[in-house]
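K.L.:
Pasting run.cif below, which is mmCIF, C-alpha atoms.
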data_protein
loop_
_atom_site.label_atom_id
_atom_site.label_comp_id
_atom_site.auth_asym_id
_atom_site.auth_seq_id
_atom_site.Cartn_x
_atom_site.Cartn_y
_atom_site.Cartn_z
CA MET A 1 0.00 0.00 0.00
CA LYS A 2 1.11 3.53 -0.64
CA THR A 3 0.98 4.64 2.98
CA HIS A 4 3.20 1.73 3.95
CA SER A 5 5.83 2.59 1.37
CA LEU A 6 5.76 6.21 2.53
CA PHE A 7 6.09 5.08 6.13
CA ARG A 8 9.32 3.21 5.45
CA PRO A 9 11.72 6.18 5.06
CA THR A 10 10.71 7.46 8.50
CA MET A 11 11.08 3.99 9.95
CA LEU A 12 14.45 3.55 8.31
CA ALA A 13 15.77 6.85 9.67
CA ALA A 14 14.52 6.05 13.15
CA ALA A 15 15.89 2.51 12.96
CA ILE A 16 19.34 3.76 11.96
CA ALA A 17 19.28 6.30 14.77
CA LEU A 18 18.21 3.64 17.23
CA ALA A 19 20.78 1.14 16.03
CA VAL A 20 23.57 3.63 16.54
CA ALA A 21 22.20 5.11 19.74
CA PHE A 22 21.76 1.72 21.40
CA SER A 23 24.97 0.22 20.07
CA PRO A 24 27.38 -0.95 22.78
CA SER A 25 30.10 1.55 21.89
CA CYS A 26 27.74 4.52 22.17
CA ALA A 27 25.40 3.60 24.98
CA GLY A 28 28.15 2.65 27.43
CA ASN A 29 28.10 0.50 30.51
CA ALA A 30 26.52 1.26 33.85
CA PRO A 31 28.56 3.64 36.02
CA PRO A 32 31.11 1.59 37.98
CA ASN A 33 30.17 3.19 41.30
CA LEU A 34 26.70 1.56 41.32
CA GLY A 35 25.86 -1.39 43.52
CA PRO A 36 24.59 -4.66 41.98
CA HIS A 37 20.90 -3.84 42.41
CA ALA A 38 21.23 -0.31 41.02
CA THR A 39 23.23 -1.72 38.11
CA GLN A 40 20.34 -4.04 37.33
CA SER A 41 17.95 -1.07 37.51
CA TRP A 42 20.24 0.86 35.14
CA TYR A 43 20.04 -1.95 32.57
CA LYS A 44 16.32 -2.40 33.11
CA THR A 45 15.77 1.30 32.43
CA ARG A 46 17.60 0.99 29.11
CA VAL A 47 15.48 -1.99 28.06
CA ILE A 48 12.26 -0.23 29.11
CA LYS A 49 13.19 2.80 27.03
CA SER A 50 13.85 0.64 23.97
CA LEU A 51 10.51 -1.14 24.51
CA ASP A 52 8.87 2.29 24.82
CA VAL A 53 10.14 3.16 21.33
CA VAL A 54 8.35 0.13 19.83
CA ARG A 55 5.15 0.96 21.73
CA ASP A 56 5.30 4.69 20.92
CA ILE A 57 5.92 4.10 17.20
CA ALA A 58 2.90 1.78 17.08
CA ILE A 59 0.68 4.25 18.97
CA ASP A 60 1.79 7.25 16.91
CA ALA A 61 1.35 5.37 13.63
CA ASN A 62 -2.09 4.19 14.73
CA ALA A 63 -3.08 7.78 15.57
CA GLN A 64 -2.54 8.97 11.99
CA THR A 65 -5.49 9.55 9.66
CA PRO A 66 -5.79 7.07 8.09
CA PRO A 67 -4.01 4.84 10.65
CA LEU A 68 -0.63 3.60 9.40
CA ILE A 69 -0.85 0.64 11.81
CA PRO A 70 -4.25 -0.99 12.63
CA THR A 71 -5.68 -0.62 16.13
CA ALA A 72 -5.68 -4.41 16.59
CA THR A 73 -1.94 -4.55 15.94
CA THR A 74 -1.31 -1.59 18.21
CA ARG A 75 -3.27 -3.39 20.94
CA LYS A 76 -1.00 -6.43 20.56
CA VAL A 77 2.05 -4.20 20.94
CA VAL A 78 0.63 -2.32 23.95
CA ASN A 79 -0.41 -5.56 25.68
CA PHE A 80 3.00 -7.09 25.09
CA HIS A 81 4.70 -3.91 26.33
CA GLU A 82 2.64 -3.87 29.50
CA SER A 83 3.36 -7.55 30.21
CA ALA A 84 7.07 -7.08 29.54
CA LEU A 85 7.29 -4.13 31.95
CA LYS A 86 5.44 -6.01 34.65
CA ILE A 87 7.89 -8.91 34.30
CA ILE A 88 10.86 -6.53 34.38
CA GLY A 89 9.44 -4.81 37.45
CA SER A 90 8.72 -8.01 39.33
CA THR A 91 12.07 -9.82 39.23
CA ASP A 92 15.82 -9.38 38.92
CA ALA A 93 16.32 -12.84 37.45
CA GLY A 94 15.09 -14.33 34.20
CA TRP A 95 13.43 -11.17 32.88
CA ARG A 96 15.70 -10.91 29.82
CA GLY A 97 14.72 -14.37 28.60
CA ALA A 98 11.04 -13.75 29.29
CA VAL A 99 11.02 -10.43 27.41
CA SER A 100 13.00 -11.95 24.53
CA THR A 101 10.50 -14.82 24.26
CA GLY A 102 7.63 -12.33 24.37
CA LEU A 103 9.21 -10.37 21.52
CA ASP A 104 9.45 -13.56 19.46
CA GLU A 105 5.80 -14.33 20.15
CA LEU A 106 4.81 -10.78 19.21
CA MET A 107 6.74 -11.07 15.93
CA ASN A 108 5.11 -14.43 15.15
CA SER A 109 1.65 -12.97 15.73
CA LEU A 110 2.15 -10.20 13.17
CA THR A 111 1.20 -10.36 9.50
CA PRO A 112 4.04 -10.05 6.97
CA ALA A 113 3.11 -6.40 6.35
CA GLU A 114 3.10 -5.65 10.08
CA LYS A 115 6.43 -7.46 10.47
CA SER A 116 7.96 -5.21 7.85
CA GLN A 117 6.70 -2.17 9.78
CA LEU A 118 7.58 -3.14 13.36
CA GLY A 119 10.23 -5.80 12.76
CA PRO A 120 13.24 -3.43 12.73
CA TYR A 121 12.27 -1.93 16.10
CA ILE A 122 11.64 -5.34 17.65
CA ALA A 123 15.02 -6.52 16.35
CA LEU A 124 16.64 -3.51 17.99
CA VAL A 125 15.09 -4.31 21.36
CA LYS A 126 16.52 -7.82 21.05
CA THR A 127 19.92 -6.28 20.36
CA VAL A 128 19.64 -4.14 23.50
CA LEU A 129 18.60 -7.21 25.50
CA GLN A 130 21.63 -9.14 24.25
CA GLU A 131 23.91 -6.22 25.06
CA VAL A 132 22.47 -5.86 28.54
CA GLY A 133 22.83 -9.62 29.04
CA THR A 134 26.49 -9.43 28.11
CA GLU A 135 27.09 -6.54 30.48
CA ALA A 136 25.23 -8.31 33.27
CA ALA A 137 27.64 -11.23 32.83
CA ASN A 138 30.35 -8.84 34.00
CA LEU A 139 28.66 -8.33 37.37
CA PRO A 140 30.60 -9.47 40.45
CA PRO A 141 30.72 -13.31 40.64
CA GLY A 142 28.78 -13.43 43.92
CA TYR A 143 25.92 -11.45 42.44
CA ARG A 144 25.89 -13.61 39.29
CA PHE A 145 25.56 -16.67 41.51
CA THR A 146 22.66 -15.10 43.40
CA LEU A 147 20.91 -14.35 40.11
CA ALA A 148 21.51 -17.89 38.82
CA LEU A 149 20.15 -19.32 42.05
CA GLU A 150 17.04 -17.17 41.80
CA GLU A 151 16.59 -18.28 38.20
CA VAL A 152 16.77 -21.95 39.18
CA ARG A 153 14.25 -21.40 41.98
CA SER A 154 11.79 -19.45 39.79
CA MET B 1 3.98 14.61 0.81
CA ASN B 2 1.38 12.53 2.59
CA PRO B 3 -0.05 14.64 5.49
CA ALA B 4 -0.15 11.57 7.73
CA LEU B 5 3.53 10.95 7.10
CA LEU B 6 4.36 14.60 7.82
CA ALA B 7 2.44 14.43 11.09
CA LEU B 8 4.28 11.26 12.09
CA ILE B 9 7.66 12.80 11.26
CA GLU B 10 6.73 15.83 13.37
CA GLN B 11 5.83 13.56 16.28
CA GLU B 12 8.89 11.33 16.02
CA ALA B 13 11.51 13.98 15.19
CA PRO B 14 12.25 14.89 18.86
CA ASN B 15 12.90 11.21 19.62
CA VAL B 16 15.26 10.81 16.68
CA ILE B 17 17.09 14.03 17.62
CA GLY B 18 17.32 12.77 21.19
CA TYR B 19 18.92 9.53 20.03
CA PHE B 20 21.52 11.41 18.02
CA LYS B 21 22.28 13.66 21.00
CA MET B 22 22.76 10.55 23.09
CA MET B 23 24.96 9.09 20.36
CA PHE B 24 27.36 12.03 20.34
CA HIS B 25 27.27 12.64 24.08
CA LYS B 26 30.70 12.19 25.65
CA SER B 27 30.61 11.52 29.36
CA ASN B 28 33.37 13.17 31.34
CA PRO B 29 34.88 10.93 34.03
CA ASN B 30 35.06 14.01 36.24
CA ASP B 31 31.31 14.51 36.04
CA PRO B 32 29.43 13.40 39.17
CA GLN B 33 28.18 9.83 38.72
CA PRO B 34 24.55 8.95 39.59
CA THR B 35 24.04 7.39 42.98
CA ASP B 36 22.24 4.12 43.60
CA ALA B 37 19.24 6.05 44.95
CA GLU B 38 19.06 8.28 41.86
CA VAL B 39 19.24 5.32 39.49
CA GLU B 40 16.59 3.42 41.44
CA ALA B 41 14.31 6.48 41.52
CA ALA B 42 14.74 7.06 37.77
CA TYR B 43 14.03 3.39 37.04
CA HIS B 44 10.83 3.35 39.09
CA GLN B 45 9.70 6.64 37.50
CA VAL B 46 10.31 5.32 33.96
CA LEU B 47 8.52 2.07 34.77
CA THR B 48 5.51 3.81 36.31
CA ASP B 49 5.18 6.45 33.58
CA SER B 50 5.45 3.85 30.84
CA LEU B 51 2.82 1.57 32.36
CA GLN B 52 0.52 4.57 32.77
CA LYS B 53 0.81 5.29 29.04
CA ASP B 54 -0.22 1.69 28.28
CA GLU B 55 -3.22 2.05 30.59
CA ALA B 56 -4.19 5.39 29.03
CA TRP B 57 -4.07 4.01 25.49
CA LYS B 58 -6.11 0.96 26.46
CA ALA B 59 -8.67 3.15 28.23
CA ALA B 60 -8.98 5.28 25.10
CA HIS B 61 -9.31 2.21 22.87
CA PRO B 62 -11.63 -0.23 24.68
CA GLN B 63 -12.12 -3.59 22.99
#
Will you turn the file into structure tokens for me?

P.N.:
Amino acid sequence: MKTHSLFRPTMLAAAIALAVAFSPSCAGNAPPNLGPHATQSWYKTRVIKSLDVVRDIAIDANAQTPPLIPTATTRKVVNFHESALKIIGSTDAGWRGAVSTGLDELMNSLTPAEKSQLGPYIALVKTVLQEVGTEAANLPPGYRFTLALEEVRS
Amino acid sequence: MNPALLALIEQEAPNVIGYFKMMFHKSNPNDPQPTDAEVEAAYHQVLTDSLQKDEAWKAAHPQ
């Protein structure tokens, strides 16, 4: 459709900006003075902000006249976003995997046209999740063990 | 140009500009670092605000 092809340049520009902005070399690690829990909160904040971009793009595109993304698709994105944030807010262990799985399920529930619209943003959130996972692996060994233990128990 | 596309660009432009500012931002090691309490407060604020936006959209678009 014409609106979809017109939508792509904006998406591409935003995707490039996001890719660079969230890349490991630009975004940086958590400040070294933070304790383990605050470091987790630092990473969680970054993931929430990247999830917000997906949600906000869907909402803004749905608000156009005519809507560039259907309301039903926007609802899927908003529901996923809300679930993801509740998971992130409820635990320090296992949330990366749960959010990543949720992103996969969201992608699988989209039509090919919707995937072409939202896919780049979803892929970027997965990149941020991987980056945050790598950085979390550099936490002090004792804290990593505590997280692993919590993951086994959950 | 499509008016809907123009409106979307207008809405999203501040975000894109913000990302580029973040991209070129150089942190100075002499700058004061955020404390645990500040990071925790910012995290809870971001989480709360974001969930409120989900609730607001769903309230405006009942099934």

K.L.:
Can you translate the PyMOL selection byres ((chain A and resi 57) around 10) into the concrete residues it hits in this file, as a PyMOL selection string?

P.N.:
(chain A and resi 11+14+52-56+58-63+69+74+77+117-118+121) or (chain B and resi 8+11-12)

K.L.:
Padding 8 Å on every side, please: axis-aligned box over the listed atoms of region 31-42 of chain A, centre and edge lengths to one decimal in Å, as lines of an AutoDock Vina configuration file.

P.N.:
center_x = 24.5
center_y = -0.5
center_z = 39.3
size_x = 29.2
size_y = 24.3
size_z = 24.4

K.L.:
Suppose you want the space between CA of Ala7 (chain B) and CA of Pro67 (chain A); what is it in Å?

P.N.:
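Atom-to-atom, CA of Ala7 (chain B) and CA of Pro67 (chain A) are spaced 11.6 Å apart.
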
K.L.:
Just to confirm, what's the straight-line distance from CA of Val99 (chain A) to CA of Trp42 (chain A) in Å (one decimal)?

P.N.:
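Between these atoms lies a distance of 16.5 Å.
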
K.L.:
Within 12 Å of (16.0, -6.0, 33.4) (coordinates as in the file), grab all the protein and nucleic acid residues, counting only C-alpha atoms, and write them out as a PyMOL selection string.

P.N.:
(chain A and resi 37-51+84-100+128-133+135-136+147) or (chain B and resi 43+47)

K.L.:
Would you work out the distance separating CA of Val46 (chain B) from CA of Leu6 (chain B), expressed in Å to one decimal?

P.N.:
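According to the coordinates, CA of Val46 (chain B) and CA of Leu6 (chain B) are separated by 28.4 Å.
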
K.L.:
Which residue gives the smallest distance to chain B among A:Gly102, A:Pro70, A:Gly119, A:Pro112, with all atoms listed in the file counted?

P.N.:
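Nearest candidate to chain B out of A:Gly102, A:Pro70, A:Gly119, A:Pro112: A:Pro70.
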
K.L.:
Given the choices B:Ala4, B:Ala41, B:Lys53, B:Pro32, which gets closest to chain A if the distance is worked out from all atoms listed in the file?

P.N.:
B:Ala4

K.L.:
Which residues are near Glu55 (chain B)? Cut-off 12 Å, all atoms listed in the file, ignore same chain within fewer than 3 positions. Put them as a list in words.

P.N.:
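Close residues of Glu55 (chain B): Arg75, Val78, Asn79, His81, Glu82 and Ser83 of chain A; Thr48, Asp49, Ser50, Leu51, Gln52, Lys58, Ala59, Ala60, His61 and Pro62 of chain B.
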
K.L.:
Okay, now the selection with C-alpha atoms, as a short mmCIF file (atom, residue, chain, number, x, y, z; two decimals), in the frame of the given file?

P.N.:
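Below you can see selection.cif, which holds the result:
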data_model
loop_
_atom_site.label_atom_id
_atom_site.label_comp_id
_atom_site.auth_asym_id
_atom_site.auth_seq_id
_atom_site.Cartn_x
_atom_site.Cartn_y
_atom_site.Cartn_z
CA ARG A 75 -3.27 -3.39 20.94
CA VAL A 78 0.63 -2.32 23.95
CA ASN A 79 -0.41 -5.56 25.68
CA HIS A 81 4.70 -3.91 26.33
CA GLU A 82 2.64 -3.87 29.50
CA SER A 83 3.36 -7.55 30.21
CA THR B 48 5.51 3.81 36.31
CA ASP B 49 5.18 6.45 33.58
CA SER B 50 5.45 3.85 30.84
CA LEU B 51 2.82 1.57 32.36
CA GLN B 52 0.52 4.57 32.77
CA LYS B 58 -6.11 0.96 26.46
CA ALA B 59 -8.67 3.15 28.23
CA ALA B 60 -8.98 5.28 25.10
CA HIS B 61 -9.31 2.21 22.87
CA PRO B 62 -11.63 -0.23 24.68
#

K.L.:
I need the output of the PyMOL selection byres ((chain A and resi 105-110) around 8) for this file as a list in words; which residues are they?

P.N.:
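Taken over the shown coordinates, the PyMOL selection byres ((chain A and resi 105-110) around 8) returns Thr73, Lys76, Val77, Phe80, Thr101, Gly102, Leu103, Asp104, Thr111, Pro112, Ala113, Glu114, Lys115, Gly119 and Ile122 of chain A.
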
K.L.:
Complete the atom set of region 31-49 of chain B to N, CA, C and O atoms and return it as a short mmCIF file (atom, residue, chain, number, x, y, z; two decimals), in the coordinates of the input.

P.N.:
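Contents of part_18.cif, as written:
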data_model
loop_
_atom_site.label_atom_id
_atom_site.label_comp_id
_atom_site.auth_asym_id
_atom_site.auth_seq_id
_atom_site.Cartn_x
_atom_site.Cartn_y
_atom_site.Cartn_z
N ASP B 31 32.69 14.16 35.72
CA ASP B 31 31.31 14.51 36.04
C ASP B 31 30.84 13.65 37.21
O ASP B 31 31.25 12.49 37.35
N PRO B 32 29.95 14.22 38.07
CA PRO B 32 29.43 13.40 39.17
C PRO B 32 28.63 12.22 38.63
O PRO B 32 27.84 12.37 37.70
N GLN B 33 28.88 11.03 39.17
CA GLN B 33 28.18 9.83 38.72
C GLN B 33 26.86 9.70 39.49
O GLN B 33 26.76 10.13 40.64
N PRO B 34 25.83 9.12 38.87
CA PRO B 34 24.55 8.95 39.59
C PRO B 34 24.72 7.98 40.75
O PRO B 34 25.47 7.02 40.66
N THR B 35 24.00 8.28 41.81
CA THR B 35 24.04 7.39 42.98
C THR B 35 23.06 6.25 42.79
O THR B 35 22.19 6.30 41.90
N ASP B 36 23.18 5.24 43.64
CA ASP B 36 22.24 4.12 43.60
C ASP B 36 20.79 4.63 43.74
O ASP B 36 19.90 4.18 43.02
N ALA B 37 20.60 5.55 44.69
CA ALA B 37 19.24 6.05 44.95
C ALA B 37 18.68 6.77 43.73
O ALA B 37 17.49 6.62 43.39
N GLU B 38 19.53 7.55 43.05
CA GLU B 38 19.06 8.28 41.86
C GLU B 38 18.69 7.32 40.73
O GLU B 38 17.68 7.51 40.05
N VAL B 39 19.52 6.30 40.55
CA VAL B 39 19.24 5.32 39.49
C VAL B 39 17.96 4.56 39.79
O VAL B 39 17.11 4.36 38.92
N GLU B 40 17.81 4.16 41.05
CA GLU B 40 16.59 3.42 41.44
C GLU B 40 15.35 4.30 41.25
O GLU B 40 14.32 3.83 40.75
N ALA B 41 15.46 5.57 41.64
CA ALA B 41 14.31 6.48 41.52
C ALA B 41 13.95 6.68 40.05
O ALA B 41 12.77 6.66 39.67
N ALA B 42 14.99 6.86 39.21
CA ALA B 42 14.74 7.06 37.77
C ALA B 42 14.09 5.82 37.17
O ALA B 42 13.15 5.91 36.36
N TYR B 43 14.58 4.65 37.57
CA TYR B 43 14.03 3.39 37.04
C TYR B 43 12.55 3.26 37.39
O TYR B 43 11.71 2.96 36.52
N HIS B 44 12.22 3.50 38.67
CA HIS B 44 10.83 3.35 39.09
C HIS B 44 9.93 4.39 38.41
O HIS B 44 8.78 4.09 38.06
N GLN B 45 10.48 5.60 38.19
CA GLN B 45 9.70 6.64 37.50
C GLN B 45 9.43 6.24 36.05
O GLN B 45 8.29 6.36 35.56
N VAL B 46 10.46 5.74 35.36
CA VAL B 46 10.31 5.32 33.96
C VAL B 46 9.31 4.18 33.86
O VAL B 46 8.42 4.18 33.00
N LEU B 47 9.42 3.23 34.78
CA LEU B 47 8.52 2.07 34.77
C LEU B 47 7.07 2.51 34.99
O LEU B 47 6.17 2.12 34.24
N THR B 48 6.87 3.36 35.98
CA THR B 48 5.51 3.81 36.31
C THR B 48 4.91 4.63 35.17
O THR B 48 3.77 4.39 34.76
N ASP B 49 5.68 5.59 34.66
CA ASP B 49 5.18 6.45 33.58
C ASP B 49 4.81 5.63 32.34
O ASP B 49 3.80 5.87 31.68
#
